[in-house]
Amino acid sequence: MKLEYEQVHCVFSWAWDIGNVEDHGVTSSNGVVGGGGEADEVGAIGALGGNGRPSEADDDVCGICRASYNGTCPACKFPGDECPLVVGECNHNFHVHCIQQWLTTATARGLCPMCRQRFALKRGVRINAPHATRFEQLAQERDDDYMEE
Amino acid sequence: MASLPKRIIKRLVSDPVPGITAEPHEDNLRYFQVTIEGPQQSPYENGVFHLELFLPDDYPMEAPKVRFLTKIYHPNIDRLGRICLDVLKTNWSPALQIRTVLLSIQALLASPNPNDPLANDVAEDWIQNEDGAIATAREWTKRYAKPN
């Protein structure tokens, strides 16, 4: 069977659990360099689950609506295609609806809410066409505003 | 609307900030009664200031509206209790929260900025006679910002 990608969207995010470096050291010391990849991954996942890391720690929520990355923005009911996450050049993630709503405000001035750098989609990360088009529109409107000033 | 209590109340209740309280009104969850303790070593120390905070419908896209209810002698706070603070106006970001806003206001009490005044008469007094202005601020704190 042959599969072709038509669309790609981010459904979850993850990070290295660097808070427990020592535990991981023990786990991975059993692995053979270059050959223990799979074993290490299993070990890491087990360690994460065992640590019981709170699912809504600050770094796991949208910086705008504070709902989990795994959930939706406050306006949507179902996660998935309709309400994906986007990642900026600055590596800050938001629900697409949250960041787009922010960028339509005059106060935003096109800036990322977290770092106040100009918000642009991270290059090389694909998002669905309608969302991408909306970002282009927003960038265009912002540039027009600059021209007027 | 449905997400409002979760976003706000959870953090405020589970993770309070020392010297700051914020309680939502029973009838209106967007309306908070706030108290801020005057920072140590400022003219406002030992005072407890009451404020009201209201979350507009567009929050967090729009900043909360905050106002001092307790009279205060401060160059960036006028006689109606309105506050001149950039994060409440042009520098608002939806990544800010009630707690960070209230911390900013507490920091404003610790470092008044008479060069960007809202209460012009107070700012003038502050620039021309800083010791006198600070004495007045202390006196007002003692008189109006009594801890209960």
# chains A, B, ... in the order shown; residues from 1 in each chain; ligands from 1

$ interface_residues --of "chain A" --to "chain B" --cutoff "10 Å" --atoms "only C-alpha atoms" --output "JSON list (two decimals) with C-alpha atoms, in the first residue's frame"
[["chain", "number", "residue", "atom", "x", "y", "z"],
["A", 62, "CYS", "CA", -1.01, 27.94, 25.01],
["A", 63, "GLY", "CA", 0.52, 31.23, 26.18],
["A", 64, "ILE", "CA", -2.64, 33.07, 25.20],
["A", 65, "CYS", "CA", -5.64, 31.02, 26.36],
["A", 66, "ARG", "CA", -3.74, 28.86, 28.90],
["A", 67, "ALA", "CA", -5.54, 25.74, 27.70],
["A", 73, "CYS", "CA", -8.69, 27.08, 21.90],
["A", 74, "PRO", "CA", -11.67, 28.34, 23.96],
["A", 75, "ALA", "CA", -13.77, 28.86, 20.80],
["A", 98, "CYS", "CA", -5.54, 32.42, 19.56],
["A", 99, "ILE", "CA", -2.54, 33.91, 17.77],
["A", 101, "GLN", "CA", -7.11, 36.74, 16.98],
["A", 102, "TRP", "CA", -4.27, 38.53, 18.77],
["A", 103, "LEU", "CA", -2.61, 39.61, 15.54],
["A", 104, "THR", "CA", -5.85, 41.26, 14.37],
["A", 105, "THR", "CA", -5.75, 43.67, 17.33],
["A", 106, "ALA", "CA", -4.07, 47.05, 17.01],
["A", 107, "THR", "CA", -2.17, 46.52, 20.26],
["A", 108, "ALA", "CA", -0.44, 43.44, 18.85],
["A", 109, "ARG", "CA", 1.57, 45.40, 16.26],
["A", 111, "LEU", "CA", 4.36, 40.92, 17.79],
["A", 112, "CYS", "CA", 4.58, 37.56, 19.56],
["A", 113, "PRO", "CA", 2.81, 37.79, 22.95],
["A", 114, "MET", "CA", 5.63, 35.93, 24.68],
["A", 115, "CYS", "CA", 8.80, 37.61, 23.41],
["A", 116, "ARG", "CA", 7.48, 40.66, 21.54]]

$ select_by_dssp --residues "segment 47-145 of chain B" --states "alpha helix (DSSP H)" --output "JSON, numbers by chain"
{"B": [98, 99, 100, 101, 102, 103, 104, 105, 106, 107, 108, 109, 110, 120, 121, 122, 123, 124, 125, 126, 127, 128, 130, 131, 132, 133, 134, 135, 136, 137, 138, 139, 140, 141, 142, 143, 144]}

$ residues_around --residues "segment 98-108 of chain B" --least-positions-apart "2" --cutoff "9 Å" --atoms "only C-alpha atoms" --output "short mmCIF file (atom, residue, chain, number, x, y, z; two decimals) with N, CA and C atoms, in the first residue's frame"
data_model
loop_
_atom_site.label_atom_id
_atom_site.label_comp_id
_atom_site.auth_asym_id
_atom_site.auth_seq_id
_atom_site.Cartn_x
_atom_site.Cartn_y
_atom_site.Cartn_z
N ILE B 8 -8.42 31.73 34.82
CA ILE B 8 -8.08 32.76 35.77
C ILE B 8 -8.06 32.28 37.20
N ARG B 11 -5.23 29.57 38.77
CA ARG B 11 -3.90 30.04 39.14
C ARG B 11 -3.94 30.95 40.34
N LEU B 12 -4.92 31.83 40.38
CA LEU B 12 -4.98 32.81 41.46
C LEU B 12 -5.14 32.13 42.80
N PRO B 16 -1.08 31.75 45.05
CA PRO B 16 -1.24 33.17 45.35
C PRO B 16 0.11 33.90 45.38
N VAL B 17 0.06 35.19 45.16
CA VAL B 17 1.25 36.02 45.20
C VAL B 17 1.31 36.69 46.58
N ILE B 20 -0.57 40.14 47.70
CA ILE B 20 -1.61 40.48 46.73
C ILE B 20 -2.76 39.48 46.86
N ALA B 22 -6.78 38.63 45.14
CA ALA B 22 -7.76 38.96 44.11
C ALA B 22 -8.88 37.96 44.20
N VAL B 34 -9.55 43.44 44.65
CA VAL B 34 -8.11 43.23 44.76
C VAL B 34 -7.55 44.02 45.94
N ILE B 36 -3.59 45.12 47.41
CA ILE B 36 -2.15 45.10 47.22
C ILE B 36 -1.50 45.75 48.43
N GLU B 37 -0.53 45.05 49.03
CA GLU B 37 0.22 45.65 50.13
C GLU B 37 1.28 46.58 49.56
N GLY B 38 1.45 47.72 50.19
CA GLY B 38 2.50 48.64 49.76
C GLY B 38 3.86 47.99 49.94
N PRO B 39 4.75 48.12 48.95
CA PRO B 39 6.07 47.48 49.04
C PRO B 39 6.90 48.04 50.20
N LEU B 53 -10.79 45.25 39.62
CA LEU B 53 -10.26 44.77 38.36
C LEU B 53 -11.40 44.16 37.56
N PRO B 64 -6.94 43.89 31.17
CA PRO B 64 -7.95 44.10 32.20
C PRO B 64 -8.01 45.58 32.57
N VAL B 66 -8.14 48.17 35.49
CA VAL B 66 -7.80 48.18 36.90
C VAL B 66 -7.83 49.61 37.43
N ASN B 76 1.72 58.51 39.14
CA ASN B 76 1.17 57.77 38.00
C ASN B 76 -0.24 57.26 38.26
N ILE B 83 -4.72 54.30 36.52
CA ILE B 83 -3.30 53.98 36.61
C ILE B 83 -2.63 54.18 35.26
N LEU B 85 0.15 52.92 33.27
CA LEU B 85 1.10 51.81 33.25
C LEU B 85 1.06 51.21 31.84
N VAL B 87 1.83 48.39 30.43
CA VAL B 87 1.27 47.06 30.15
C VAL B 87 -0.25 47.04 30.21
N LEU B 88 -0.86 48.08 30.79
CA LEU B 88 -2.32 48.14 30.80
C LEU B 88 -2.85 48.81 29.54
N LEU B 96 0.26 38.05 29.35
CA LEU B 96 0.20 38.56 30.72
C LEU B 96 -1.07 38.04 31.39
N ALA B 110 6.52 50.77 44.08
CA ALA B 110 7.90 50.80 44.57
C ALA B 110 8.75 51.81 43.81
N SER B 111 8.38 52.09 42.57
CA SER B 111 9.18 53.05 41.79
C SER B 111 8.29 54.00 41.00
N PRO B 112 7.82 55.05 41.67
CA PRO B 112 7.00 56.07 41.00
C PRO B 112 7.81 56.75 39.89
N ASN B 113 7.15 57.10 38.82
CA ASN B 113 7.85 57.72 37.70
C ASN B 113 7.23 59.08 37.37
#

$ closest_residue --among "B:Gly19, B:Leu55, B:Thr136, B:Pro43" --to "Tyr31 of chain B" --atoms "only C-alpha atoms"
B:Leu55

$ residues_around --residues "Ala145 of chain B" --least-positions-apart "4" --cutoff "6 Å" --atoms "only C-alpha atoms" --output "list in words"
Gly47, Val48, Phe49 and Thr141 of chain B

$ atom_distance --atom1 "atom CA of Thr35 of chain B" --atom2 "atom CA of Leu51 of chain B"
6.0 Å

$ decode --residues "segment 121-138 of chain A" --atoms "N, CA and C atoms" --output "PDB file, in the first residue's frame"
ATOM      1  N   LEU A 121       5.511  32.704  11.011  1.00  0.00           N
ATOM      2  CA  LEU A 121       5.468  31.245  11.088  1.00  0.00           C
ATOM      3  C   LEU A 121       6.854  30.687  10.868  1.00  0.00           C
ATOM      4  N   LYS A 122       7.165  29.629  11.587  1.00  0.00           N
ATOM      5  CA  LYS A 122       8.477  29.015  11.444  1.00  0.00           C
ATOM      6  C   LYS A 122       8.602  28.426  10.052  1.00  0.00           C
ATOM      7  N   ARG A 123       9.697  28.757   9.425  1.00  0.00           N
ATOM      8  CA  ARG A 123       9.907  28.252   8.066  1.00  0.00           C
ATOM      9  C   ARG A 123      10.076  26.737   8.066  1.00  0.00           C
ATOM     10  N   GLY A 124       9.502  26.105   7.105  1.00  0.00           N
ATOM     11  CA  GLY A 124       9.678  24.659   6.985  1.00  0.00           C
ATOM     12  C   GLY A 124       8.652  23.856   7.753  1.00  0.00           C
ATOM     13  N   VAL A 125       7.821  24.520   8.582  1.00  0.00           N
ATOM     14  CA  VAL A 125       6.751  23.793   9.258  1.00  0.00           C
ATOM     15  C   VAL A 125       5.463  24.073   8.502  1.00  0.00           C
ATOM     16  N   ARG A 126       4.885  23.029   7.949  1.00  0.00           N
ATOM     17  CA  ARG A 126       3.707  23.235   7.105  1.00  0.00           C
ATOM     18  C   ARG A 126       2.442  23.361   7.942  1.00  0.00           C
ATOM     19  N   ILE A 127       1.566  24.236   7.527  1.00  0.00           N
ATOM     20  CA  ILE A 127       0.239  24.262   8.139  1.00  0.00           C
ATOM     21  C   ILE A 127      -0.791  24.241   7.026  1.00  0.00           C
ATOM     22  N   ASN A 128      -2.021  23.915   7.384  1.00  0.00           N
ATOM     23  CA  ASN A 128      -3.066  23.778   6.372  1.00  0.00           C
ATOM     24  C   ASN A 128      -3.313  25.092   5.643  1.00  0.00           C
ATOM     25  N   ALA A 129      -3.663  24.960   4.372  1.00  0.00           N
ATOM     26  CA  ALA A 129      -3.742  26.104   3.474  1.00  0.00           C
ATOM     27  C   ALA A 129      -4.608  27.259   4.003  1.00  0.00           C
ATOM     28  N   PRO A 130      -5.833  27.004   4.485  1.00  0.00           N
ATOM     29  CA  PRO A 130      -6.652  28.150   4.896  1.00  0.00           C
ATOM     30  C   PRO A 130      -6.001  28.962   6.021  1.00  0.00           C
ATOM     31  N   HIS A 131      -5.357  28.269   6.962  1.00  0.00           N
ATOM     32  CA  HIS A 131      -4.685  28.970   8.052  1.00  0.00           C
ATOM     33  C   HIS A 131      -3.492  29.756   7.524  1.00  0.00           C
ATOM     34  N   ALA A 132      -2.742  29.150   6.629  1.00  0.00           N
ATOM     35  CA  ALA A 132      -1.569  29.814   6.066  1.00  0.00           C
ATOM     36  C   ALA A 132      -1.997  31.085   5.336  1.00  0.00           C
ATOM     37  N   THR A 133      -3.098  30.990   4.572  1.00  0.00           N
ATOM     38  CA  THR A 133      -3.588  32.148   3.834  1.00  0.00           C
ATOM     39  C   THR A 133      -3.947  33.278   4.794  1.00  0.00           C
ATOM     40  N   ARG A 134      -4.573  32.908   5.906  1.00  0.00           N
ATOM     41  CA  ARG A 134      -4.978  33.920   6.891  1.00  0.00           C
ATOM     42  C   ARG A 134      -3.754  34.635   7.458  1.00  0.00           C
ATOM     43  N   PHE A 135      -2.675  33.894   7.703  1.00  0.00           N
ATOM     44  CA  PHE A 135      -1.457  34.524   8.213  1.00  0.00           C
ATOM     45  C   PHE A 135      -0.884  35.499   7.192  1.00  0.00           C
ATOM     46  N   GLU A 136      -0.946  35.104   5.917  1.00  0.00           N
ATOM     47  CA  GLU A 136      -0.447  36.003   4.876  1.00  0.00           C
ATOM     48  C   GLU A 136      -1.258  37.291   4.858  1.00  0.00           C
ATOM     49  N   GLN A 137      -2.586  37.135   4.985  1.00  0.00           N
ATOM     50  CA  GLN A 137      -3.460  38.316   5.023  1.00  0.00           C
ATOM     51  C   GLN A 137      -3.087  39.231   6.183  1.00  0.00           C
ATOM     52  N   LEU A 138      -2.892  38.610   7.358  1.00  0.00           N
ATOM     53  CA  LEU A 138      -2.586  39.404   8.548  1.00  0.00           C
ATOM     54  C   LEU A 138      -1.269  40.151   8.374  1.00  0.00           C
TER      55      LEU A 138
END
